[in-house]
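Participant: Once you've had a glance at the structure underneath, I'll fire off some questions.
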Amino acid sequence: MTTAQGPHIEIDQKSGFCFGVSRAVKLAEEHLAQGGGLTSIGAIVHNEEEFKRLKQLGLHSTQLDKLPEDKAQTLLFRAHGEPPSSYQQVKREGRQLIDATCPVVRKLQERVHKAWEEMKAEGGQVLIYGKKGHAEVAGLLGQTNNEALVLQFPEEVKVVDRHKKTVLFSQTTMSRSGLEQIEAALREHLEHPDLLKSHRTICAQVGNRVPHLKKFANKHDLLIFVAGKESSNGKVLFEVCRANNPRTFFISSPEELQKPWFEPLPASIGICGATSTPQWLMEQVAAATAALFTRFP
Ligand code: SF4
């Protein structure tokens with residue numbers, strides 16, 4: 001898009017919903033279109049604007065400990081996945097469920113469970129590199145009877161038993177460089193570096209975006225990164241963009257655009273986002289950005 005008086009604006013064609021989020025949203029839309037009541041456990045997508053759109057279609061959201069009495073409402077487990085206890089509760093209460101757990105996360109849950117059983121038999125330990133309290137991490141922890149240790153920062157490795165065989169997994173949306181730092185700190189900390197077996201389980205849908213976004217960030221004079229404030233993937237990819245282009249600004253909706261960011265006037269502007277950012281929102285941001293220049297004196 002080239003504005004009449006302003007810079008060239010490009011929306012990154014590789015930004016936007018990943019396969020797992022797209023699938024979850026489609027499952028919800030299909031159910032709502034049939035007139036069925038639907039309640040998602042937690043926000044179906046870490047993007048406030050998309051969440052608002054789905055709410056207008058009739059989607060509700062709650063937590064498992066605050067479920068409505070009305071069992072006519074079908075429940076939806078989002079792409080992040082849930083621990084086994086959530087499935088047990090739904091079954092016990094006789095509720096209908098749409099399980100929108102991303103197949104990549106489901107596979108990771110299975111691998112974590114298998115490794116936990118193996119480590120139990122061998123006196124080892126399972127570690128998860130992830131964000132404490134994140135829904136996907138809670139789902140993974142549930143596969144280990146909550147016995148796995150969650151590490152978010154390299155300095156936390158000091159609480160790890162240094163004598164045990166150790167298997168490390170990563171939450172799917174963490175950064176590759178962060179994982180490498182954790183691995184290095186663990187190899188240093190453990191009695192012998194060979195005690196560590198690391199499964200690099202960052203999702204390719206996230207990992208592949210990093211090299212692409214580096215190029216996209218370098219190609220433009222200024223970047224607008226669009227993501228929900230709660231999106232961990234958004235935080236990771238925003239940092240990638242900012243490291244490659246200091247004129248990168250984070251917004252969650254078009255109203256957050258600020259005119260002073262565009263002074264001096266950039267020749268080209270890139271609009272990009274996270275795996276939870278809908279395409280329609282990036283288009284709205286591109287249109288709102290273009291409109292700013294028509295109002296410049
Ligand atoms: S980032 Fe990957 S693992 Fe996570 S929901 Fe998207 S496709 Fe699934």
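Within each chain, counting starts at residue 1; across the structure tokens, chains are named A, B, ... in the order shown, with ligands numbered 1 upward in that order.
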Set the distance at 10 Å and use only C-alpha atoms: which residues neighbour range 124-129 of chain A once local chain neighbours fewer than 4 positions away are removed? I'd like the list as a PyMOL selection string.
Facilitator: chain A and resi 112-113+115-120+137+140-141+144+147-154+157+160-161+163-172+174-175+178-179+182-183+195-202
Participant: Within 8 Å of range 36-42 of chain A, counting only C-alpha atoms, which residues show up once you throw out same-chain ones fewer than 2 positions away? Write them as an MDAnalysis selection string, please.
Facilitator: chainID A and resid 28 31:34 44 58:64 72:78
Participant: Using only C-alpha atoms, please write the residues we just selected to a file, as a PDB file, in the first residue's frame.
Facilitator:
ATOM      1  CA  ALA A  28     -15.284 -21.915  17.765  1.00  0.00           C
ATOM      2  CA  HIS A  31     -19.955 -24.111  16.651  1.00  0.00           C
ATOM      3  CA  LEU A  32     -21.266 -20.566  17.201  1.00  0.00           C
ATOM      4  CA  ALA A  33     -22.602 -20.402  13.628  1.00  0.00           C
ATOM      5  CA  GLN A  34     -24.780 -23.441  14.421  1.00  0.00           C
ATOM      6  CA  ILE A  44      -9.264 -18.458  23.262  1.00  0.00           C
ATOM      7  CA  GLY A  58     -21.570 -15.294  21.306  1.00  0.00           C
ATOM      8  CA  LEU A  59     -18.393 -16.764  22.790  1.00  0.00           C
ATOM      9  CA  HIS A  60     -18.080 -16.684  26.585  1.00  0.00           C
ATOM     10  CA  SER A  61     -14.934 -17.256  28.577  1.00  0.00           C
ATOM     11  CA  THR A  62     -14.338 -18.453  32.123  1.00  0.00           C
ATOM     12  CA  GLN A  63     -12.060 -20.565  34.304  1.00  0.00           C
ATOM     13  CA  LEU A  64     -12.642 -24.207  35.174  1.00  0.00           C
ATOM     14  CA  ALA A  72     -25.983 -26.705  27.685  1.00  0.00           C
ATOM     15  CA  GLN A  73     -22.939 -24.494  27.140  1.00  0.00           C
ATOM     16  CA  THR A  74     -20.270 -26.487  25.324  1.00  0.00           C
ATOM     17  CA  LEU A  75     -16.756 -25.907  26.685  1.00  0.00           C
ATOM     18  CA  LEU A  76     -13.725 -25.241  24.516  1.00  0.00           C
ATOM     19  CA  PHE A  77     -10.126 -26.051  25.439  1.00  0.00           C
ATOM     20  CA  ARG A  78      -7.917 -23.609  23.555  1.00  0.00           C
TER      21      ARG A  78
END
Participant: Residues within 12 Å of ligand 1 (only C-alpha atoms and all ligand atoms), as a PyMOL selection string?
Facilitator: chain A and resi 15-25+44-46+78-81+100-109+135-137+170-175+201-209+231-234+236-237+274-277
Participant: Could you jot down the CA of Leu281 in chain A to CA of Ala227 in chain A separation for me, Å, one decimal place?
Facilitator: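 Going from CA of Leu281 in chain A over to CA of Ala227 in chain A, I get 9.3 Å.
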Participant: With DSSP run on the backbone, what are the alpha helix (DSSP H) residues within range 216-290 of chain A? I'd like them as a list in words.
Facilitator: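 Taking range 216-290 of chain A and keeping alpha helix (DSSP H) gives Phe216, Ala217, Asn218, Lys219, Ser232, Asn233, Gly234, Lys235, Val236, Leu237, Phe238, Glu239, Val240, Cys241, Arg242, Ala243, Asn244, Gln279, Trp280, Leu281, Met282, Glu283, Gln284, Val285, Ala286, Ala287, Ala288, Thr289 and Ala290 of chain A.
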Participant: Using N, CA, C and O atoms, can you write the selected residues to a file as a tab-separated table (two decimals), in the first residue's frame?
Facilitator:
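Okay, result_27.tsv is ready:
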chain	number	residue	atom	x	y	z
A	216	PHE	N	12.45	-8.73	7.45
A	216	PHE	CA	11.34	-7.77	7.28
A	216	PHE	C	11.65	-6.48	8.07
A	216	PHE	O	11.42	-5.38	7.58
A	217	ALA	N	12.22	-6.65	9.27
A	217	ALA	CA	12.53	-5.49	10.11
A	217	ALA	C	13.62	-4.62	9.47
A	217	ALA	O	13.58	-3.39	9.55
A	218	ASN	N	14.58	-5.28	8.83
A	218	ASN	CA	15.68	-4.53	8.21
A	218	ASN	C	15.26	-3.86	6.90
A	218	ASN	O	15.88	-2.91	6.46
A	219	LYS	N	14.19	-4.36	6.32
A	219	LYS	CA	13.74	-3.86	5.02
A	219	LYS	C	13.00	-2.52	5.15
A	219	LYS	O	12.91	-1.76	4.21
A	232	SER	N	2.78	-14.27	24.79
A	232	SER	CA	4.22	-14.49	25.02
A	232	SER	C	4.95	-14.53	23.70
A	232	SER	O	6.06	-14.02	23.57
A	233	ASN	N	4.33	-15.15	22.70
A	233	ASN	CA	4.93	-15.18	21.38
A	233	ASN	C	5.08	-13.75	20.84
A	233	ASN	O	6.09	-13.41	20.22
A	234	GLY	N	4.10	-12.89	21.15
A	234	GLY	CA	4.17	-11.49	20.73
A	234	GLY	C	5.39	-10.80	21.33
A	234	GLY	O	6.10	-10.06	20.65
A	235	LYS	N	5.64	-11.08	22.61
A	235	LYS	CA	6.79	-10.44	23.28
A	235	LYS	C	8.10	-10.89	22.63
A	235	LYS	O	8.99	-10.08	22.37
A	236	VAL	N	8.19	-12.20	22.35
A	236	VAL	CA	9.43	-12.74	21.74
A	236	VAL	C	9.65	-12.12	20.36
A	236	VAL	O	10.74	-11.61	20.06
A	237	LEU	N	8.61	-12.12	19.53
A	237	LEU	CA	8.79	-11.64	18.15
A	237	LEU	C	8.97	-10.12	18.10
A	237	LEU	O	9.70	-9.61	17.25
A	238	PHE	N	8.33	-9.42	19.03
A	238	PHE	CA	8.53	-7.97	19.10
A	238	PHE	C	10.01	-7.66	19.39
A	238	PHE	O	10.61	-6.78	18.78
A	239	GLU	N	10.60	-8.41	20.34
A	239	GLU	CA	12.01	-8.17	20.68
A	239	GLU	C	12.91	-8.46	19.49
A	239	GLU	O	13.91	-7.77	19.28
A	240	VAL	N	12.56	-9.48	18.70
A	240	VAL	CA	13.34	-9.78	17.49
A	240	VAL	C	13.30	-8.57	16.55
A	240	VAL	O	14.33	-8.13	16.02
A	241	CYS	N	12.11	-8.02	16.37
A	241	CYS	CA	11.96	-6.86	15.47
A	241	CYS	C	12.72	-5.65	16.00
A	241	CYS	O	13.45	-4.99	15.26
A	242	ARG	N	12.58	-5.40	17.30
A	242	ARG	CA	13.22	-4.21	17.86
A	242	ARG	C	14.74	-4.30	17.82
A	242	ARG	O	15.43	-3.31	17.60
A	243	ALA	N	15.26	-5.55	18.01
A	243	ALA	CA	16.72	-5.73	17.97
A	243	ALA	C	17.25	-5.44	16.57
A	243	ALA	O	18.40	-5.04	16.41
A	244	ASN	N	16.39	-5.63	15.56
A	244	ASN	CA	16.83	-5.42	14.18
A	244	ASN	C	16.42	-4.07	13.62
A	244	ASN	O	16.94	-3.64	12.59
A	279	GLN	N	-5.31	-11.30	10.90
A	279	GLN	CA	-4.99	-10.55	9.68
A	279	GLN	C	-5.81	-9.26	9.61
A	279	GLN	O	-5.30	-8.20	9.28
A	280	TRP	N	-7.11	-9.36	9.97
A	280	TRP	CA	-7.98	-8.18	9.83
A	280	TRP	C	-7.48	-7.03	10.70
A	280	TRP	O	-7.62	-5.86	10.37
A	281	LEU	N	-6.85	-7.35	11.85
A	281	LEU	CA	-6.37	-6.29	12.75
A	281	LEU	C	-5.14	-5.60	12.14
A	281	LEU	O	-5.02	-4.37	12.21
A	282	MET	N	-4.25	-6.40	11.52
A	282	MET	CA	-3.09	-5.77	10.87
A	282	MET	C	-3.56	-4.88	9.71
A	282	MET	O	-2.99	-3.82	9.47
A	283	GLU	N	-4.64	-5.30	9.03
A	283	GLU	CA	-5.17	-4.48	7.93
A	283	GLU	C	-5.75	-3.16	8.47
A	283	GLU	O	-5.54	-2.10	7.91
A	284	GLN	N	-6.44	-3.26	9.62
A	284	GLN	CA	-6.98	-2.03	10.24
A	284	GLN	C	-5.84	-1.09	10.65
A	284	GLN	O	-5.93	0.11	10.50
A	285	VAL	N	-4.76	-1.68	11.18
A	285	VAL	CA	-3.61	-0.86	11.60
A	285	VAL	C	-2.97	-0.20	10.39
A	285	VAL	O	-2.61	0.99	10.43
A	286	ALA	N	-2.86	-0.95	9.29
A	286	ALA	CA	-2.27	-0.37	8.06
A	286	ALA	C	-3.13	0.80	7.58
A	286	ALA	O	-2.61	1.86	7.22
A	287	ALA	N	-4.46	0.62	7.62
A	287	ALA	CA	-5.36	1.69	7.15
A	287	ALA	C	-5.27	2.91	8.08
A	287	ALA	O	-5.22	4.05	7.62
A	288	ALA	N	-5.20	2.66	9.39
A	288	ALA	CA	-5.13	3.77	10.36
A	288	ALA	C	-3.79	4.50	10.22
A	288	ALA	O	-3.71	5.72	10.38
A	289	THR	N	-2.73	3.74	9.92
A	289	THR	CA	-1.41	4.36	9.73
A	289	THR	C	-1.45	5.25	8.49
A	289	THR	O	-0.99	6.40	8.52
A	290	ALA	N	-2.01	4.72	7.41
A	290	ALA	CA	-2.10	5.50	6.16
A	290	ALA	C	-2.90	6.78	6.40
A	290	ALA	O	-2.54	7.85	5.91
Participant: Using DSSP on the backbone coordinates, identify the residues of range 23-105 of chain A assigned to strand (DSSP E or B); present them as a list in words.
Facilitator: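 The strand (DSSP E or B) residues within range 23-105 of chain A come out as Leu38, Thr39, Ser40, Ile41, Leu59, His60, Ser61, Thr62, Thr74, Leu75, Leu76, Phe77, Leu97, Ile98 and Asp99 of chain A.
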Participant: Could you jot down the CA of Gln56 in chain A to CA of Pro83 in chain A separation for me, Å, one decimal place?
Facilitator: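 About the pair CA of Gln56 in chain A and CA of Pro83 in chain A: they are 28.7 Å apart.
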Participant: May I have the residues within 10 Å of Gln258 in chain A as a short mmCIF file (atom, residue, chain, number, x, y, z; two decimals) with C-alpha atoms, in the first residue's frame, using only C-alpha atoms and disregarding those fewer than 3 positions away in the same chain?
Facilitator:
data_model
loop_
_atom_site.label_atom_id
_atom_site.label_comp_id
_atom_site.auth_asym_id
_atom_site.auth_seq_id
_atom_site.Cartn_x
_atom_site.Cartn_y
_atom_site.Cartn_z
CA PHE A 249 6.58 0.17 18.13
CA ILE A 251 0.49 -1.72 19.73
CA PRO A 254 -5.06 1.04 15.89
CA GLU A 255 -6.06 3.63 18.54
CA TRP A 261 6.58 8.04 16.09
CA PHE A 262 6.47 8.94 12.40
CA THR A 289 -1.41 4.36 9.73
CA LEU A 292 -2.31 9.56 9.75
#
Participant: Name all residues at most 12 Å from Arg162 in chain A (count only C-alpha atoms; drop same-chain ones fewer than 6 positions away) and give them as a PyMOL selection string.
Facilitator: chain A and resi 124-125+185-196
